[in-house]
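Below: one structure, written as structure tokens.
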Amino acid sequence: MPAATEFDAVVIGAGVSGLYQLYKLRELGMTVRLFESGSGVGGTWYWNRYPGARFDSESWTYGYSFSKELLDEWDWEEHFSSQPENERYLNYVADKFDLRRDIQFESLVAAAHYEEDTRRWAITLEDGRRYSARFLVTAVGVLSAPTMPRIPGVDSFTGQSCHTHYWPKDPVDFAGKRVAVIGTGATGIQTITEVAKTAGHLTVFQRTAQWSAPLHNSRIEKEEMNRIRANYPEIFARCQETYGCFIHATDPRATSEVTPEEREAFWEKLYGEPGFGIWMGNFRDILVDREANALISDFIAKKIRQRVKDPATAEKLVPKNHGFGTRRVPLESGYFEVYNQPNVRLVDLNETPIERITPQGIKTSDNEYEFDIIIYATGFDAITGAFDRIDIRGADGVSLKDKWKDGPQTFLGILVDGFPNMLMVMGPHAGLGNFPRAAEYSADWVTGLIAFARERGLTRIEATAEGAGAWTDHVLETSEGLLFTEVDSWMTGINRNVEGKAVRRIMRYSGGHPRFREHCEAVVAENYRALALA
Ligand SMILES: Cc1cc2nc3c(=O)[nH]c(=O)nc-3n(C[C@H](O)[C@H](O)[C@H](O)COP(=O)(O)OP(=O)(O)OC[C@H]3O[C@@H](n4cnc5c(N)ncnc54)[C@H](O)[C@@H]3O)c2cc1C
């Protein structure tokens with residue numbers, strides 16, 4: 001067998017997180033190889049080419065903040081930019097910083113095993129090629145392991161089938177076609193709105209109605225872009241202060257502290273403004289207090305009923321099994337009006353479940369539908385899915401998948417005890433939020449730790465079991481009392497299409513990013529004494 005090619009570090013994933021991590025590790029003078037299963041950079045924005053794919057983050061809060069030159073050069077075209085522009089942006093970054101020379105595309109990492117005698121990771125690609133690295137840095141994504149529904153007959157359909165994640169690079173033509181969309185999460189809502197514009201007939205299969213609110217996207221003209229550019233320092237500073245690194249900060253008032261008229265006016269204002277303000281800039285109690293949550297849910301329900309003409313359809317579109325904001329709020333651009341179109345129908349799978357996919361289309365409990373195209377907007381095995389798909393084994397051959405079978409256990413979402421020299425950028429239980437803001441922080445922290453180890457000739461970095469236990473307890477504590485923990489969603493680890501994902505678990509840190517950073521910085525301030533270093 002040929003000897004494994006050696007690097008100081010291997011990074012997995014060429015999305016926003018991995019690209020920046022590669023840049024930072026190279027700055028340390030390390031030899032780095034980044035493996036990416038796709039054939040281009042961009043991660044989420046490389047794969048998800050489905051019609052309507054775009055940011056719910058303001059574009060100008062999503063771009064990297066680390067390079068003034070990059071900020072000076074890049075003009076965002078829209079406040080909430082679409083997949084093609086986002087992919088272009090990440091390609092621009094890869095070229096500008098000459099990242100491609102260390103990226104190996106079409107390279108799916110199948111296994112990574114820690115070897116105690118050398119204190120290195122042995123990495124094997126799906127095609128059998130082998131590599132060795134002191135540090136294994138995962139940047140595999142939180143929404144990067146797509147799932148198909150567990151419905152019999154999926155392979156039997158003779159028309160065109162597309163999962164939104166694996167969308168073809170060539171545009172799909174819907175004109176005159178009978179199209180089905182299964183799934184109405186954030187992706188489904190974007191897809192449906194766009195496909196309805198040209199499809200001959202569109203049938204939407206909905207299991208869970210969503211509390212979707214308007215995106216209010218618009219173009220950015222040159223002058224406005226210049227103003228944004230001048231404000232970048234303030235914009236990024238504000239993102240650092242907010243709970244989720246968004247530009248929207250929670251309103252300090254409780255819902256009950258204002259009169260019903262003030263409340264209504266505030267919500268009308270938020271509903272009329274761009275972005276996540278209605279979710280992240282709302283009264284401080286809407287996600288913890290049942291009464292407050294019921295009031296905002298009633299407000300959004302009223303909007304849905306106003307926008308959808310047929311009352312029976314409107315009722316199906318108003319969520320009944322969870323309150324506003326307790327799942328990821330999808331932002332929309334005319335989604336509810338789609339159901340006023342004569343070429344669109346809604347099938348509620350709670351009333352008439354899908355029994356099977358047939359060669360011609362979809363059979364529900366009461367009907368057989370024929371289609372030319374079936375779109376699966378059925379989402380991801382979120383947060384731990386991409387890890388579970390790699391055979392990762394730590395010291396003593398312990399499998400990460402087994403270790404996490406009852407839920408993730410990490411130290412700061414970055415390290416795992418028993419898995420020395422493995423560092424996760426945006427791992428489970430790290431501070432989530434407006435992604436690049438949090439990912440830049442994570443990658444900087446990882447880089448700082450690796451630099452610390454290299455300066456001191458340390459070759460083994462590991463979280464302690466006590467440290468990981470304490471962090472896991474803290475993560476669980478911060479989610480106590482939050483209404484989202486009572487709801488099935490990818491944020492609570494539920495995916496009916498994945499074996500073993502039927503029990504609710506806390507998958508993300510709910511203490512907010514500023515608090516997350518305090519914990520991370522305390523560890524650095526004590527010279528990483530919380531870790532086992534050797
Ligand atoms: C449709 C959609 C819209 C989104 N919109 C927003 C938004 O508006 N704002 C926001 O903040 N976040 C959004 N997100 C979340 C989004 O995932 C992040 O913003 C960000 O792109 C994640 O970057 P990442 O580099 O961590 O992971 P990813 O972009 O997911 O990249 C991970 C990469 O790792 C690769 N990979 C994984 N496993 C392996 C392996 N075993 N071998 C080789 N390669 C591997 C994957 O192919 C992928 O390219 C959205 C997500 C989706 C799916």
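Order determines the names: the first chain of the structure tokens is A, the second B, and so forth; residues in each chain are numbered 1 upward, and ligands are numbered 1 upward as they are shown.
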Within 6 Å of stretch 501-515 of chain A, counting only C-alpha atoms, which residues show up once you throw out same-chain ones fewer than 3 positions away? Write them as a PyMOL selection string, please.
chain A and resi 243-244+429-431+475+478-479+491-495+498+518
Got a sec to tell me which of stretch 16-175 of chain A DSSP assigns to helix (DSSP H, G or I), as a PyMOL selection string?
chain A and resi 16-27+44-47+59-62+68-73+83-96+100-102+154-156
Would you tabulate, counting only C-alpha atoms and all ligand atoms, all residues of chain A that have an atom at most 7 Å from an atom of ligand 1, showing the closest pair of atoms and their distance in Å to one decimal, sorted by chain then ascending number, as a tab-separated table?
residue	atom	partner	partner_atom_place_in_ligand_line	distance
A:Ile12	CA	ligand 1	44 (N)	5.4
A:Gly13	CA	ligand 1	34 (O)	3.1
A:Ala14	CA	ligand 1	33 (C)	5.1
A:Gly15	CA	ligand 1	25 (O)	3.2
A:Val16	CA	ligand 1	25 (O)	3.9
A:Ser17	CA	ligand 1	25 (O)	3.7
A:Gly18	CA	ligand 1	25 (O)	5.3
A:Phe35	CA	ligand 1	43 (C)	5.2
A:Glu36	CA	ligand 1	44 (N)	3.7
A:Ser37	CA	ligand 1	43 (C)	4.0
A:Gly38	CA	ligand 1	47 (O)	5.2
A:Val41	CA	ligand 1	49 (O)	6.9
A:Gly42	CA	ligand 1	29 (O)	6.0
A:Gly43	CA	ligand 1	49 (O)	3.1
A:Thr44	CA	ligand 1	29 (O)	3.7
A:Trp45	CA	ligand 1	21 (O)	6.4
A:Tyr46	CA	ligand 1	49 (O)	6.9
A:Asn48	CA	ligand 1	1 (C)	5.8
A:Ala53	CA	ligand 1	1 (C)	5.9
A:Arg54	CA	ligand 1	3 (C)	6.3
A:Phe55	CA	ligand 1	8 (O)	3.4
A:Asp56	CA	ligand 1	8 (O)	3.6
A:Ser57	CA	ligand 1	8 (O)	4.1
A:Tyr62	CA	ligand 1	11 (O)	6.7
A:Ser107	CA	ligand 1	43 (C)	5.6
A:Leu108	CA	ligand 1	42 (N)	3.6
A:Val109	CA	ligand 1	42 (N)	3.8
A:Ala110	CA	ligand 1	41 (N)	5.8
A:Ala139	CA	ligand 1	26 (O)	5.4
A:Val140	CA	ligand 1	34 (O)	3.8
A:Gly141	CA	ligand 1	27 (O)	3.2
A:Val142	CA	ligand 1	17 (O)	5.9
A:Leu143	CA	ligand 1	17 (O)	5.1
A:Ser144	CA	ligand 1	30 (O)	4.4
A:Thr187	CA	ligand 1	1 (C)	5.5
A:Ala386	CA	ligand 1	38 (N)	5.1
A:Arg389	CA	ligand 1	41 (N)	6.6
A:Ile390	CA	ligand 1	41 (N)	5.5
A:Met426	CA	ligand 1	26 (O)	6.2
A:Gly433	CA	ligand 1	11 (O)	5.9
A:Asn434	CA	ligand 1	11 (O)	3.6
A:Phe435	CA	ligand 1	11 (O)	3.7
A:Pro436	CA	ligand 1	19 (O)	6.6
A:Ala439	CA	ligand 1	26 (O)	6.8
So that I can check the surroundings of A:Ala213, please list as a VMD selection string every protein, DNA and RNA residue that reaches within 12 Å of it, counting only C-alpha atoms and ignoring chain neighbours fewer than 2 positions away.
chain A and resid 56 186 189 to 190 210 to 211 215 to 216 267 to 268 270 to 279 296 to 297 299 to 304 307 318 324 to 325 328 to 336
Store the residues of this selection in a file with C-alpha atoms, as a JSON list (two decimals), in the first residue's frame.
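The new file out-v6.json reads:
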[["chain", "number", "residue", "atom", "x", "y", "z"],
["A", 56, "ASP", "CA", -32.38, 35.13, 4.96],
["A", 186, "ALA", "CA", -37.45, 27.15, 4.60],
["A", 189, "ILE", "CA", -41.10, 27.75, 0.76],
["A", 190, "GLN", "CA", -38.41, 29.38, -1.41],
["A", 210, "GLN", "CA", -44.76, 27.12, 8.88],
["A", 211, "TRP", "CA", -44.90, 30.55, 10.48],
["A", 215, "LEU", "CA", -38.35, 38.80, 3.51],
["A", 216, "HIS", "CA", -38.79, 42.19, 1.76],
["A", 267, "TRP", "CA", -45.63, 43.93, 15.02],
["A", 268, "GLU", "CA", -47.00, 45.66, 11.91],
["A", 270, "LEU", "CA", -41.62, 44.38, 12.06],
["A", 271, "TYR", "CA", -43.80, 42.49, 9.55],
["A", 272, "GLY", "CA", -43.22, 45.31, 7.07],
["A", 273, "GLU", "CA", -39.43, 45.38, 7.51],
["A", 274, "PRO", "CA", -36.77, 43.27, 5.78],
["A", 275, "GLY", "CA", -35.24, 40.20, 7.34],
["A", 276, "PHE", "CA", -35.43, 38.38, 10.65],
["A", 277, "GLY", "CA", -36.56, 41.39, 12.76],
["A", 278, "ILE", "CA", -39.95, 39.78, 13.37],
["A", 279, "TRP", "CA", -38.13, 36.79, 14.91],
["A", 296, "ILE", "CA", -47.51, 36.82, 18.18],
["A", 297, "SER", "CA", -48.71, 33.53, 16.68],
["A", 299, "PHE", "CA", -50.82, 38.06, 14.75],
["A", 300, "ILE", "CA", -49.01, 36.02, 12.08],
["A", 301, "ALA", "CA", -52.04, 33.71, 11.67],
["A", 302, "LYS", "CA", -54.17, 36.77, 10.96],
["A", 303, "LYS", "CA", -51.71, 37.80, 8.23],
["A", 304, "ILE", "CA", -51.86, 34.34, 6.63],
["A", 307, "ARG", "CA", -53.28, 36.83, 2.34],
["A", 318, "VAL", "CA", -51.71, 28.23, 9.73],
["A", 324, "PHE", "CA", -44.26, 31.30, 16.06],
["A", 325, "GLY", "CA", -40.46, 31.25, 16.20],
["A", 328, "ARG", "CA", -36.55, 28.22, 12.18],
["A", 329, "VAL", "CA", -38.74, 31.00, 10.71],
["A", 330, "PRO", "CA", -38.67, 30.77, 6.89],
["A", 331, "LEU", "CA", -38.74, 34.15, 5.21],
["A", 332, "GLU", "CA", -40.85, 34.42, 2.06],
["A", 333, "SER", "CA", -41.46, 36.59, -0.95],
["A", 334, "GLY", "CA", -45.10, 36.06, -1.91],
["A", 335, "TYR", "CA", -45.36, 32.48, -0.64],
["A", 336, "PHE", "CA", -48.90, 32.66, 0.70]]
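You can rank A:Val204, A:Ala532, A:Val416, A:Ala265 by their closest distance to A:Thr313 using only C-alpha atoms, and at the top of that list sits A:Val204.
Proximity to A:Ala112 was assessed for A:Asp391, A:Glu521, A:Glu291, A:Glu440 counting only C-alpha atoms; the smallest distance is recorded for A:Asp391.
All residues of stretch 131-202 of chain A that DSSP, run on the backbone, classes as strand (DSSP E) are Tyr131, Ser132, Ala133, Arg134, Phe135, Leu136, Val137, Thr138, Gln160, Ser161, Cys162, His163, Arg178, Val179, Ala180, Val181, Ile182, His201 and Leu202 of chain A.
Counting only C-alpha atoms, the residue from A:Ser161, A:Thr138, A:Asn527, A:Ser489 that sits nearest to A:Gln21 is A:Thr138.
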Closest contacts (stretch 133-158 of chain A/stretch 163-176 of chain A, max 9 Å, only C-alpha atoms) as JSON lines:
{"residue": "A:Ser144", "atom": "CA", "partner": "A:His165", "partner_atom": "CA", "distance": 8.1}
{"residue": "A:Ala145", "atom": "CA", "partner": "A:His165", "partner_atom": "CA", "distance": 8.9}
{"residue": "A:Pro146", "atom": "CA", "partner": "A:His165", "partner_atom": "CA", "distance": 6.5}
{"residue": "A:Thr147", "atom": "CA", "partner": "A:His163", "partner_atom": "CA", "distance": 8.5}
{"residue": "A:Met148", "atom": "CA", "partner": "A:His163", "partner_atom": "CA", "distance": 7.5}
With only C-alpha atoms as the counted atoms, please give the residues lying no more than 6 Å from A:Leu34, apart from itself and same-chain residues fewer than 2 positions off, as a short mmCIF file (atom, residue, chain, number, x, y, z; two decimals) with N, CA and C atoms, in the first residue's frame.
data_model
loop_
_atom_site.label_atom_id
_atom_site.label_comp_id
_atom_site.auth_asym_id
_atom_site.auth_seq_id
_atom_site.Cartn_x
_atom_site.Cartn_y
_atom_site.Cartn_z
N VAL A 10 -5.52 18.70 8.10
CA VAL A 10 -6.52 18.44 7.06
C VAL A 10 -7.80 19.14 7.49
N VAL A 11 -8.42 19.84 6.53
CA VAL A 11 -9.71 20.47 6.79
C VAL A 11 -10.73 19.75 5.92
N ILE A 12 -11.90 19.47 6.47
CA ILE A 12 -12.95 18.85 5.64
C ILE A 12 -14.05 19.89 5.39
N ILE A 103 -6.93 22.90 -2.11
CA ILE A 103 -8.24 22.23 -2.01
C ILE A 103 -8.27 21.06 -2.98
#
